[in-house]
$ cat entry27.cif   # mmCIF, C-alpha atoms and all ligand atoms
data_start
loop_
_atom_site.label_atom_id
_atom_site.label_comp_id
_atom_site.auth_asym_id
_atom_site.auth_seq_id
_atom_site.Cartn_x
_atom_site.Cartn_y
_atom_site.Cartn_z
CA MET A 28 -9.52 -29.17 -27.22
CA ASN A 29 -8.08 -26.39 -25.19
CA ILE A 30 -10.55 -23.73 -24.11
CA LYS A 31 -9.07 -20.33 -23.28
CA LYS A 32 -10.54 -18.19 -20.53
CA ASN A 33 -9.73 -14.87 -18.91
CA GLY A 34 -9.60 -14.23 -15.19
CA MET A 35 -7.88 -12.46 -12.33
CA ILE A 36 -5.30 -14.00 -9.99
CA LEU A 37 -6.56 -13.87 -6.40
CA LYS A 38 -3.78 -15.83 -4.74
CA ALA A 39 -0.28 -17.07 -5.59
CA LEU A 40 1.17 -19.81 -3.42
CA SER A 41 3.98 -22.33 -3.98
CA GLY A 42 3.89 -22.09 -7.76
CA PHE A 43 0.09 -22.31 -7.99
CA TYR A 44 -2.14 -19.46 -9.03
CA TYR A 45 -5.80 -19.24 -8.04
CA ILE A 46 -7.71 -17.52 -10.82
CA GLU A 47 -11.25 -16.18 -10.70
CA GLU A 48 -12.76 -16.72 -14.14
CA ASP A 49 -14.31 -13.51 -15.50
CA LYS A 50 -17.81 -14.75 -16.35
CA THR A 51 -18.65 -17.65 -14.04
CA LYS A 52 -16.48 -16.38 -11.14
CA ASP A 53 -15.36 -19.99 -10.63
CA ILE A 54 -11.87 -20.44 -9.18
CA PHE A 55 -9.24 -22.38 -11.17
CA GLU A 56 -5.94 -23.61 -9.77
CA CYS A 57 -3.32 -23.09 -12.49
CA LYS A 58 0.41 -23.19 -13.06
CA ALA A 59 2.40 -20.68 -15.08
CA ARG A 60 3.86 -21.49 -18.45
CA GLY A 61 7.68 -21.85 -18.39
CA LEU A 62 7.93 -19.07 -20.93
CA PHE A 63 7.42 -16.39 -18.30
CA ARG A 64 10.66 -17.35 -16.62
CA ASN A 65 12.56 -16.70 -19.85
CA GLN A 66 10.86 -13.34 -20.11
CA LYS A 67 12.03 -12.62 -16.55
CA THR A 68 8.49 -12.06 -15.39
CA GLU A 69 5.96 -14.11 -13.52
CA PRO A 70 2.25 -13.83 -12.87
CA MET A 71 1.26 -11.99 -9.70
CA VAL A 72 -1.84 -11.34 -7.63
CA GLY A 73 -4.01 -8.76 -9.41
CA ASP A 74 -2.96 -9.87 -12.89
CA VAL A 75 -5.62 -10.41 -15.48
CA VAL A 76 -4.52 -13.49 -17.39
CA GLU A 77 -5.48 -15.86 -20.19
CA PHE A 78 -5.43 -19.50 -19.20
CA ASN A 79 -6.29 -22.93 -20.65
CA ILE A 80 -8.92 -24.64 -18.57
CA ASP A 81 -7.92 -28.19 -19.65
CA ASP A 82 -4.25 -28.26 -18.77
CA LYS A 83 -4.72 -25.40 -16.26
CA ILE A 84 -1.83 -23.32 -17.54
CA ILE A 85 -1.58 -19.53 -17.61
CA ILE A 86 -0.59 -18.59 -21.15
CA ASN A 87 -0.66 -14.81 -21.19
CA ILE A 88 -0.57 -11.86 -18.78
CA LEU A 89 -2.60 -8.86 -19.93
CA LYS A 90 -1.08 -5.38 -19.80
CA ARG A 91 -0.72 -4.19 -16.22
CA LYS A 92 -1.93 -0.79 -14.99
CA ASN A 93 0.84 -0.72 -12.38
CA VAL A 94 3.09 -3.09 -10.43
CA MET A 95 4.28 -3.21 -6.83
CA MET A 96 7.25 -5.41 -5.99
CA ARG A 97 6.79 -5.40 -2.20
CA PRO A 98 4.39 -7.04 -1.84
CA SER A 99 4.20 -8.43 -5.34
CA MET A 100 0.90 -7.28 -6.83
CA SER A 101 -0.43 -5.54 -9.94
CA ASN A 102 -3.37 -3.44 -11.16
CA ILE A 103 -3.85 -1.66 -7.84
CA ASP A 104 -6.48 1.11 -7.64
CA ASN A 105 -6.13 2.00 -3.94
CA ILE A 106 -3.64 1.44 -1.17
CA ILE A 107 -5.03 1.56 2.35
CA LEU A 108 -2.20 2.33 4.73
CA LEU A 109 -2.93 1.41 8.34
CA ILE A 110 -1.15 3.47 10.97
CA SER A 111 -1.53 2.42 14.60
CA SER A 112 -1.14 5.03 17.32
CA CYS A 113 0.87 2.54 19.41
CA GLU A 114 2.39 -0.95 19.23
CA PRO A 115 3.91 -0.11 16.81
CA SER A 116 3.96 3.67 17.09
CA PRO A 117 3.25 5.83 14.05
CA ASN A 118 6.04 6.93 11.75
CA SER A 119 5.52 9.74 9.26
CA LEU A 120 8.33 8.53 6.98
CA ILE A 121 6.30 5.39 6.33
CA ILE A 122 3.24 7.48 5.52
CA ASP A 123 5.10 9.76 3.11
CA THR A 124 6.95 6.88 1.47
CA ILE A 125 3.71 5.04 0.73
CA ILE A 126 2.00 8.24 -0.46
CA SER A 127 4.93 8.95 -2.80
CA ILE A 128 4.70 5.45 -4.22
CA CYS A 129 0.95 5.96 -4.75
CA GLU A 130 1.41 9.30 -6.50
CA TYR A 131 4.10 7.76 -8.69
CA LYS A 132 2.12 4.69 -9.66
CA ASN A 133 -1.23 6.39 -10.03
CA ILE A 134 -2.81 4.72 -6.98
CA ASN A 135 -5.31 6.39 -4.64
CA PRO A 136 -3.91 6.41 -1.07
CA ILE A 137 -6.23 6.07 1.94
CA LEU A 138 -4.91 6.47 5.49
CA ILE A 139 -6.57 4.64 8.36
CA PHE A 140 -5.49 5.41 11.91
CA THR A 141 -6.03 2.40 14.18
CA LYS A 142 -5.80 1.83 17.95
CA GLN A 143 -7.12 5.33 18.60
CA ASP A 144 -9.04 3.70 21.46
CA ILE A 145 -5.71 3.10 23.25
CA VAL A 146 -3.87 6.34 22.42
CA LYS A 147 -5.49 9.24 20.63
CA ILE A 148 -3.18 10.89 18.08
CA ASP A 149 -4.67 13.57 15.88
CA SER A 150 -1.65 15.38 14.37
CA TYR A 151 -1.10 13.08 11.39
CA TYR A 152 -4.82 12.95 10.64
CA GLN A 153 -4.83 16.75 10.37
CA ILE A 154 -1.70 16.99 8.17
CA TYR A 155 -2.97 14.53 5.57
CA LYS A 156 -6.57 15.67 5.67
CA LYS A 157 -5.38 19.19 4.88
CA LEU A 158 -3.51 17.82 1.86
CA GLY A 159 -6.78 16.37 0.59
CA TYR A 160 -6.08 12.69 1.22
CA LYS A 161 -8.78 10.38 2.48
CA VAL A 162 -8.24 9.79 6.21
CA ILE A 163 -10.27 7.65 8.62
CA ASN A 164 -9.93 7.16 12.39
CA ILE A 165 -10.75 3.86 14.10
CA ASN A 166 -11.83 5.13 17.50
CA SER A 167 -13.34 2.12 19.21
CA TYR A 168 -12.27 -1.47 19.69
CA PRO A 169 -13.65 -4.04 19.22
CA TYR A 170 -15.04 -2.30 16.14
CA ASN A 171 -18.54 -1.43 17.35
CA ASN A 172 -20.28 -2.27 14.10
CA ASP A 173 -19.50 1.22 13.03
CA ASN A 174 -21.76 1.63 10.04
CA TYR A 175 -20.47 5.08 9.30
CA ILE A 176 -16.93 3.77 8.75
CA LYS A 177 -18.23 0.81 6.77
CA GLN A 178 -20.22 3.12 4.51
CA GLU A 179 -17.23 5.38 3.93
CA VAL A 180 -14.97 2.45 3.14
CA PHE A 181 -17.49 0.74 0.85
CA THR A 182 -18.10 3.95 -1.10
CA GLU A 183 -14.39 4.64 -1.49
CA LEU A 184 -13.49 1.10 -2.56
CA SER A 185 -16.49 0.25 -4.71
CA ASN A 186 -15.64 -1.49 -7.98
CA SER A 187 -11.89 -1.45 -7.44
CA LEU A 188 -8.87 -3.37 -6.26
CA THR A 189 -7.26 -2.35 -2.97
CA LEU A 190 -4.02 -3.35 -1.29
CA ILE A 191 -3.76 -3.05 2.49
CA MET A 192 -0.34 -2.09 3.80
CA GLY A 193 1.15 -1.17 7.14
CA ASN A 194 3.54 -2.15 9.90
CA SER A 195 3.25 -5.62 11.29
CA GLY A 196 0.70 -5.37 14.07
CA SER A 197 -0.93 -2.18 12.77
CA GLY A 198 -4.23 -4.05 12.44
CA LYS A 199 -4.54 -4.87 8.73
CA SER A 200 -6.16 -8.27 9.12
CA THR A 201 -8.34 -6.99 11.97
CA PHE A 202 -9.57 -4.16 9.74
CA ILE A 203 -10.49 -6.48 6.87
CA ASN A 204 -12.18 -8.95 9.24
CA ASN A 205 -14.33 -6.27 10.84
CA ILE A 206 -15.28 -4.23 7.82
CA PHE A 207 -15.92 -7.16 5.49
CA ASN A 208 -16.95 -9.86 7.96
CA ILE A 209 -14.19 -12.19 6.89
CA ASN A 210 -12.17 -14.35 9.27
CA ILE A 211 -8.45 -13.92 8.69
CA LYS A 212 -5.97 -14.96 11.34
CA THR A 213 -4.80 -12.03 13.47
CA ALA A 214 -2.16 -11.73 16.14
CA ASN A 215 -3.25 -12.81 19.58
CA ILE A 216 -3.60 -9.90 22.03
CA SER A 217 -1.15 -11.58 24.36
CA GLN A 218 1.55 -11.79 21.71
CA LYS A 219 4.21 -9.12 21.87
CA LEU A 220 3.63 -6.63 19.09
CA GLY A 221 5.66 -3.98 17.35
CA ARG A 222 8.60 -6.19 16.60
CA GLY A 223 7.89 -7.25 13.08
CA LYS A 224 5.88 -10.30 13.96
CA HIS A 225 4.08 -11.50 10.87
CA THR A 226 0.77 -13.17 11.38
CA THR A 227 -0.11 -12.75 7.71
CA THR A 228 2.47 -14.54 5.59
CA HIS A 229 1.33 -14.16 2.01
CA ILE A 230 -0.72 -11.83 -0.09
CA GLU A 231 -4.29 -12.82 -0.83
CA LEU A 232 -7.23 -11.06 -2.45
CA TYR A 233 -10.62 -11.21 -0.78
CA LYS A 234 -13.84 -10.32 -2.51
CA PHE A 235 -16.77 -8.44 -1.06
CA ASN A 236 -19.50 -7.59 -3.60
CA ASP A 237 -17.66 -5.41 -6.13
CA ILE A 238 -14.69 -4.80 -3.83
CA TYR A 239 -11.43 -6.73 -4.10
CA ILE A 240 -9.16 -6.27 -1.12
CA ALA A 241 -5.71 -7.77 -0.50
CA ASP A 242 -4.26 -8.45 2.92
CA SER A 243 -0.47 -8.50 2.98
CA PRO A 244 2.33 -9.27 5.42
CA GLY A 245 3.39 -6.22 7.45
CA PHE A 246 6.77 -4.56 7.32
CA SER A 247 9.01 -3.25 10.04
CA THR A 248 9.72 0.48 10.21
CA LEU A 249 13.39 -0.15 9.44
CA ASP A 250 12.49 -1.80 6.15
CA ILE A 251 10.61 1.10 4.63
CA SER A 252 13.52 2.40 2.54
CA LYS A 253 13.45 -0.84 0.54
CA TYR A 254 9.95 -0.07 -0.70
CA ILE A 255 10.72 3.04 -2.65
CA ASN A 256 12.03 2.94 -6.17
CA ILE A 257 11.28 6.24 -7.90
CA ASP A 258 13.38 8.39 -10.26
CA LEU A 259 15.40 10.78 -8.13
CA LEU A 260 14.21 13.86 -10.00
CA TYR A 261 10.59 12.78 -9.90
CA ILE A 262 10.20 12.46 -6.11
CA GLN A 263 9.47 16.18 -5.70
CA HIS A 264 6.36 15.77 -7.88
CA THR A 265 5.00 13.05 -5.59
CA PHE A 266 4.78 15.66 -2.79
CA ILE A 267 1.60 17.41 -3.91
CA ASP A 268 2.06 20.22 -1.39
CA PHE A 269 5.23 21.28 -3.28
CA ASN A 270 3.33 21.77 -6.55
CA GLU A 271 2.33 25.40 -6.26
CA TYR A 272 5.85 26.51 -5.19
CA ILE A 273 8.04 24.28 -7.31
CA ASP A 274 8.54 26.42 -10.40
CA LYS A 275 9.68 29.51 -8.51
CA CYS A 276 13.06 28.17 -7.35
CA LYS A 277 16.12 30.03 -8.69
CA PHE A 278 17.46 26.94 -10.44
CA SER A 279 15.13 25.09 -12.77
CA ASN A 280 16.73 21.79 -11.78
CA CYS A 281 16.56 22.59 -8.05
CA SER A 282 16.46 19.46 -5.89
CA HIS A 283 15.22 21.55 -2.90
CA ILE A 284 17.87 20.04 -0.67
CA LYS A 285 20.40 22.82 -0.15
CA GLU A 286 20.30 25.14 -3.15
CA SER A 287 20.16 28.88 -2.54
CA ASN A 288 16.93 30.75 -3.29
CA CYS A 289 14.90 27.54 -3.10
CA ASN A 290 11.23 28.43 -2.98
CA ILE A 291 10.34 25.10 -1.34
CA ILE A 292 12.78 25.66 1.53
CA ASP A 293 11.51 29.28 1.85
CA ASN A 294 7.95 28.05 2.21
CA VAL A 295 8.93 25.43 4.78
CA THR A 296 10.46 28.30 6.78
CA LYS A 297 7.30 30.37 6.33
CA GLY A 298 5.20 27.44 7.55
CA ASN A 299 3.32 26.93 4.27
CA ILE A 300 4.81 23.46 3.81
CA SER A 301 4.89 21.05 6.77
CA LYS A 302 8.40 20.52 8.18
CA ILE A 303 7.61 16.87 8.77
CA ARG A 304 6.74 16.42 5.10
CA TYR A 305 9.83 18.31 3.95
CA ASN A 306 12.14 16.27 6.21
CA ASN A 307 10.66 13.07 4.83
CA TYR A 308 11.20 14.40 1.30
CA THR A 309 14.92 14.94 1.99
CA ASN A 310 15.11 11.56 3.69
CA ILE A 311 13.55 9.77 0.69
CA TYR A 312 15.67 11.80 -1.74
CA ASN A 313 18.90 10.86 0.04
CA THR A 314 17.89 7.21 0.35
CA ILE A 315 17.26 6.92 -3.38
CA LYS A 316 20.47 8.76 -4.17
CA GLU A 317 22.33 6.30 -1.94
CA ASN A 318 20.56 3.30 -3.52
CA ASN A 319 21.43 4.56 -7.02
CA LYS A 320 25.09 4.90 -6.04
CA ASN A 321 25.17 1.31 -4.87
CA THR A 322 23.44 0.11 -8.04
CA TYR A 323 25.82 1.83 -10.47
CA LYS A 324 29.02 1.19 -8.55
N1 LIG B 1 -7.13 -1.84 20.84
C1 LIG B 1 -7.04 -2.08 19.52
N2 LIG B 1 -6.42 -3.20 19.09
C2 LIG B 1 -6.34 -3.43 17.77
C3 LIG B 1 -6.88 -2.54 16.80
N3 LIG B 1 -6.63 -3.03 15.57
C4 LIG B 1 -5.96 -4.19 15.76
N4 LIG B 1 -5.78 -4.46 17.07
C5 LIG B 1 -5.07 -5.60 17.67
O1 LIG B 1 -3.72 -5.55 17.24
C6 LIG B 1 -3.18 -6.86 17.04
C7 LIG B 1 -2.57 -6.99 15.64
O2 LIG B 1 -3.59 -6.96 14.67
P1 LIG B 1 -3.47 -7.70 13.25
O3 LIG B 1 -4.74 -7.40 12.55
O4 LIG B 1 -3.07 -9.12 13.39
O5 LIG B 1 -2.25 -6.90 12.61
P2 LIG B 1 -1.65 -7.06 11.12
O6 LIG B 1 -1.38 -5.67 10.64
O7 LIG B 1 -2.53 -7.90 10.28
O8 LIG B 1 -0.24 -7.78 11.41
P3 LIG B 1 0.65 -8.70 10.41
O9 LIG B 1 -0.23 -9.71 9.78
O10 LIG B 1 1.69 -9.27 11.32
O11 LIG B 1 1.28 -7.76 9.42
C8 LIG B 1 -4.33 -7.81 17.30
O12 LIG B 1 -4.19 -8.29 18.61
C9 LIG B 1 -5.57 -6.95 17.18
O13 LIG B 1 -6.62 -7.42 17.98
C10 LIG B 1 -7.54 -1.33 17.30
O14 LIG B 1 -8.01 -0.47 16.54
N5 LIG B 1 -7.57 -1.17 18.67
MG MG B 2 -2.16 -9.66 9.26
ZN ZN B 3 14.00 24.37 -4.74
#
$ encode --input "entry27.cif" --output "structure tokens" --more "lines below"
Ligand SMILES: Nc1nc2c(ncn2[C@@H]2O[C@H](COP(=O)(O)OP(=O)(O)OP(=O)(O)O)[C@@H](O)[C@H]2O)c(=O)[nH]1
Ligand SMILES: [Mg+2]
Ligand SMILES: [Zn+2]
Amino acid sequence: MNIKKNGMILKALSGFYYIEEDKTKDIFECKARGLFRNQKTEPMVGDVVEFNIDDKIIINILKRKNVMMRPSMSNIDNIILLISSCEPSPNSLIIDTIISICEYKNINPILIFTKQDIVKIDSYYQIYKKLGYKVININSYPYNNDNYIKQEVFTELSNSLTLIMGNSGSGKSTFINNIFNINIKTANISQKLGRGKHTTTHIELYKFNDIYIADSPGFSTLDISKYINIDLLYIQHTFIDFNEYIDKCKFSNCSHIKESNCNIIDNVTKGNISKIRYNNYTNIYNTIKENNKNTYK
């Protein structure tokens, strides 16, 4: 007899999937049915799946709310982006790329600024706070049992699934360890940082009461363009600060790059839209345009 159960994939490693069964919360180690390969899909962390508990095979993947390819994960409610003030230094293109992806995939972005104890940088905090995004500063290190931050994070993440992203060395594993009292391997202080050193090598979901949180390998700043895959004409709508100006451009199909009488460009000049944000918009726009060219060539 084959009993079917439902559960969520917490970890995927070397062809094995570790599934938390919905009711008992027991963990089952399963393999995927060959069929998925024919369908050009495979199970990923975050998937809710049906599996047979006797032969330990995943037989069905339930409809996904959203999918990220880098890192490979589905059904994401929040992305926490960690931005360190040094080693590696902050980069606003990374912030805007991840926020665009979140807006596109219906994910709540949360920005956490780490290493503020070493170098204090406030400018990015202010830009994104003004836009209405959730922003948190980590001001002391080691984390001094900061209950205020813990409370904020717990409230924000309650009953949801969160992916942690950020440059290698930005402090993702450190953040999870300190906030959730877990013990994930982090880079040694003496190791050289900021060069794409990956201490975390695979994606894994951790559970803390009703919070699921995934640590993931970091990326290097140079790699960020590979993360974005959004329709060219849709990118403008992922910049929420463009919203109130967007329908007053002369051309209804304005890309806000170099058209005349562009109301977005006018409002960048007037200081109503941040120049940094606008430059990142054009950067992302041109990157996707370039990627599309290469795809259709
Ligand atoms: N001073 C200070 N050091 C920090 C802070 N956060 C992290 N670190 C240190 O930065 C180094 C890198 O931290 P990790 O948590 O391993 O970084 P990561 O983002 O998980 O890196 P990858 O797994 O390689 O992607 C470690 O030596 C941490 O102790 C902070 O807020 N302040
Ligand atoms: Mg790590
Ligand atoms: Zn325009």
$ closest_residue --input "entry27.cif" --among "A:Asn319, A:Asn210, A:Asn171, A:Asn118" --to "Ile257 of chain A" --atoms "only C-alpha atoms"
A:Asn319
$ atom_distance --input "entry27.cif" --atom1 "atom CA of Ile292 of chain A" --atom2 "atom CA of Arg304 of chain A"
11.6 Å
$ closest_residue --input "entry27.cif" --among "A:Glu77, A:Glu69, A:Asp250, A:Glu271" --to "Glu48 of chain A" --atoms "only C-alpha atoms"
A:Glu77
$ residues_near_ligand --input "entry27.cif" --ligand "ligand LIG 1 (chain B)" --cutoff "9 Å" --atoms "all atoms listed in the file" --output "PyMOL selection string"
chain A and resi 109+111-112+114+140-146+164-170+191-204+211-218+220-221+223-228+242-247
$ residues_around --input "entry27.cif" --residues "Ala59 of chain A" --least-positions-apart "6" --cutoff "12 Å" --atoms "all atoms listed in the file" --output "ChimeraX atom specification"
/A:36,39-46,65,68-71,76-79,82-88
$ write_last_selection --input "entry27.cif" --atoms "C-alpha atoms" --output "PDB file, in the coordinates of the input"
ATOM      1  CA  ILE A  36      -5.300 -14.000  -9.990  1.00  0.00           C
ATOM      2  CA  ALA A  39      -0.280 -17.070  -5.590  1.00  0.00           C
ATOM      3  CA  LEU A  40       1.170 -19.810  -3.420  1.00  0.00           C
ATOM      4  CA  SER A  41       3.980 -22.330  -3.980  1.00  0.00           C
ATOM      5  CA  GLY A  42       3.890 -22.090  -7.760  1.00  0.00           C
ATOM      6  CA  PHE A  43       0.090 -22.310  -7.990  1.00  0.00           C
ATOM      7  CA  TYR A  44      -2.140 -19.460  -9.030  1.00  0.00           C
ATOM      8  CA  TYR A  45      -5.800 -19.240  -8.040  1.00  0.00           C
ATOM      9  CA  ILE A  46      -7.710 -17.520 -10.820  1.00  0.00           C
ATOM     10  CA  ASN A  65      12.560 -16.700 -19.850  1.00  0.00           C
ATOM     11  CA  THR A  68       8.490 -12.060 -15.390  1.00  0.00           C
ATOM     12  CA  GLU A  69       5.960 -14.110 -13.520  1.00  0.00           C
ATOM     13  CA  PRO A  70       2.250 -13.830 -12.870  1.00  0.00           C
ATOM     14  CA  MET A  71       1.260 -11.990  -9.700  1.00  0.00           C
ATOM     15  CA  VAL A  76      -4.520 -13.490 -17.390  1.00  0.00           C
ATOM     16  CA  GLU A  77      -5.480 -15.860 -20.190  1.00  0.00           C
ATOM     17  CA  PHE A  78      -5.430 -19.500 -19.200  1.00  0.00           C
ATOM     18  CA  ASN A  79      -6.290 -22.930 -20.650  1.00  0.00           C
ATOM     19  CA  ASP A  82      -4.250 -28.260 -18.770  1.00  0.00           C
ATOM     20  CA  LYS A  83      -4.720 -25.400 -16.260  1.00  0.00           C
ATOM     21  CA  ILE A  84      -1.830 -23.320 -17.540  1.00  0.00           C
ATOM     22  CA  ILE A  85      -1.580 -19.530 -17.610  1.00  0.00           C
ATOM     23  CA  ILE A  86      -0.590 -18.590 -21.150  1.00  0.00           C
ATOM     24  CA  ASN A  87      -0.660 -14.810 -21.190  1.00  0.00           C
ATOM     25  CA  ILE A  88      -0.570 -11.860 -18.780  1.00  0.00           C
TER      26      ILE A  88
END
$ closest_residue --input "entry27.cif" --among "A:Met96, A:Ile80, A:Ile110, A:Ile311" --to "Cys57 of chain A" --atoms "only C-alpha atoms"
A:Ile80
$ residues_around --input "entry27.cif" --residues "Thr265 of chain A" --least-positions-apart "5" --cutoff "8 Å" --atoms "only C-alpha atoms" --output "list in words"
Ile126, Ser127, Ile128, Glu130 and Tyr131 of chain A
$ residues_near_ligand --input "entry27.cif" --ligand "ligand ZN 3 (chain B)" --cutoff "9 Å" --atoms "all atoms listed in the file" --output "PyMOL selection string"
chain A and resi 272-293
$ residues_near_point --input "entry27.cif" --point "(16.8, 6.8, -6.7)" --cutoff "8 Å" --atoms "only C-alpha atoms" --output "ChimeraX atom specification"
/A:256-259,312,314-319
$ atom_distance --input "entry27.cif" --atom1 "atom CA of Tyr151 of chain A" --atom2 "atom CA of Ser187 of chain A"
26.1 Å
$ atom_distance --input "entry27.cif" --atom1 "atom CA of Ala241 of chain A" --atom2 "atom CA of Asn33 of chain A"
20.1 Å
$ closest_residue --input "entry27.cif" --among "A:Phe63, A:Gly73, A:Ile230, A:Lys52" --to "ligand MG 2 (chain B)" --atoms "all atoms listed in the file"
A:Ile230
$ decode --input "entry27.cif" --residues "segment 171-202 of chain A" --atoms "C-alpha atoms" --output "PDB file, in the first residue's frame"
ATOM      1  CA  ASN A 171      23.981  42.398  21.556  1.00  0.00           C
ATOM      2  CA  ASN A 172      20.852  40.333  22.038  1.00  0.00           C
ATOM      3  CA  ASP A 173      18.990  43.169  20.476  1.00  0.00           C
ATOM      4  CA  ASN A 174      15.424  42.338  21.372  1.00  0.00           C
ATOM      5  CA  TYR A 175      14.067  45.280  19.474  1.00  0.00           C
ATOM      6  CA  ILE A 176      15.479  43.959  16.185  1.00  0.00           C
ATOM      7  CA  LYS A 177      14.367  40.433  17.002  1.00  0.00           C
ATOM      8  CA  GLN A 178      10.833  41.640  17.683  1.00  0.00           C
ATOM      9  CA  GLU A 179      10.708  43.594  14.440  1.00  0.00           C
ATOM     10  CA  VAL A 180      11.998  40.650  12.434  1.00  0.00           C
ATOM     11  CA  PHE A 181       9.684  38.127  14.100  1.00  0.00           C
ATOM     12  CA  THR A 182       6.637  40.324  13.519  1.00  0.00           C
ATOM     13  CA  GLU A 183       7.534  40.919   9.887  1.00  0.00           C
ATOM     14  CA  LEU A 184       8.274  37.270   9.101  1.00  0.00           C
ATOM     15  CA  SER A 185       5.580  35.571  11.149  1.00  0.00           C
ATOM     16  CA  ASN A 186       3.781  32.744   9.358  1.00  0.00           C
ATOM     17  CA  SER A 187       5.710  33.100   6.117  1.00  0.00           C
ATOM     18  CA  LEU A 188       8.601  31.863   4.029  1.00  0.00           C
ATOM     19  CA  THR A 189      11.643  34.116   3.668  1.00  0.00           C
ATOM     20  CA  LEU A 190      14.707  33.928   1.454  1.00  0.00           C
ATOM     21  CA  ILE A 191      17.892  35.656   2.606  1.00  0.00           C
ATOM     22  CA  MET A 192      20.003  37.147  -0.166  1.00  0.00           C
ATOM     23  CA  GLY A 193      23.082  39.322  -0.387  1.00  0.00           C
ATOM     24  CA  ASN A 194      26.712  39.548  -1.418  1.00  0.00           C
ATOM     25  CA  SER A 195      29.017  36.864  -0.187  1.00  0.00           C
ATOM     26  CA  GLY A 196      30.271  38.079   3.164  1.00  0.00           C
ATOM     27  CA  SER A 197      27.369  40.481   3.769  1.00  0.00           C
ATOM     28  CA  GLY A 198      26.464  38.530   6.909  1.00  0.00           C
ATOM     29  CA  LYS A 199      23.500  36.347   5.903  1.00  0.00           C
ATOM     30  CA  SER A 200      24.422  33.301   7.961  1.00  0.00           C
ATOM     31  CA  THR A 201      25.497  35.515  10.870  1.00  0.00           C
ATOM     32  CA  PHE A 202      22.108  37.239  10.804  1.00  0.00           C
TER      33      PHE A 202
END
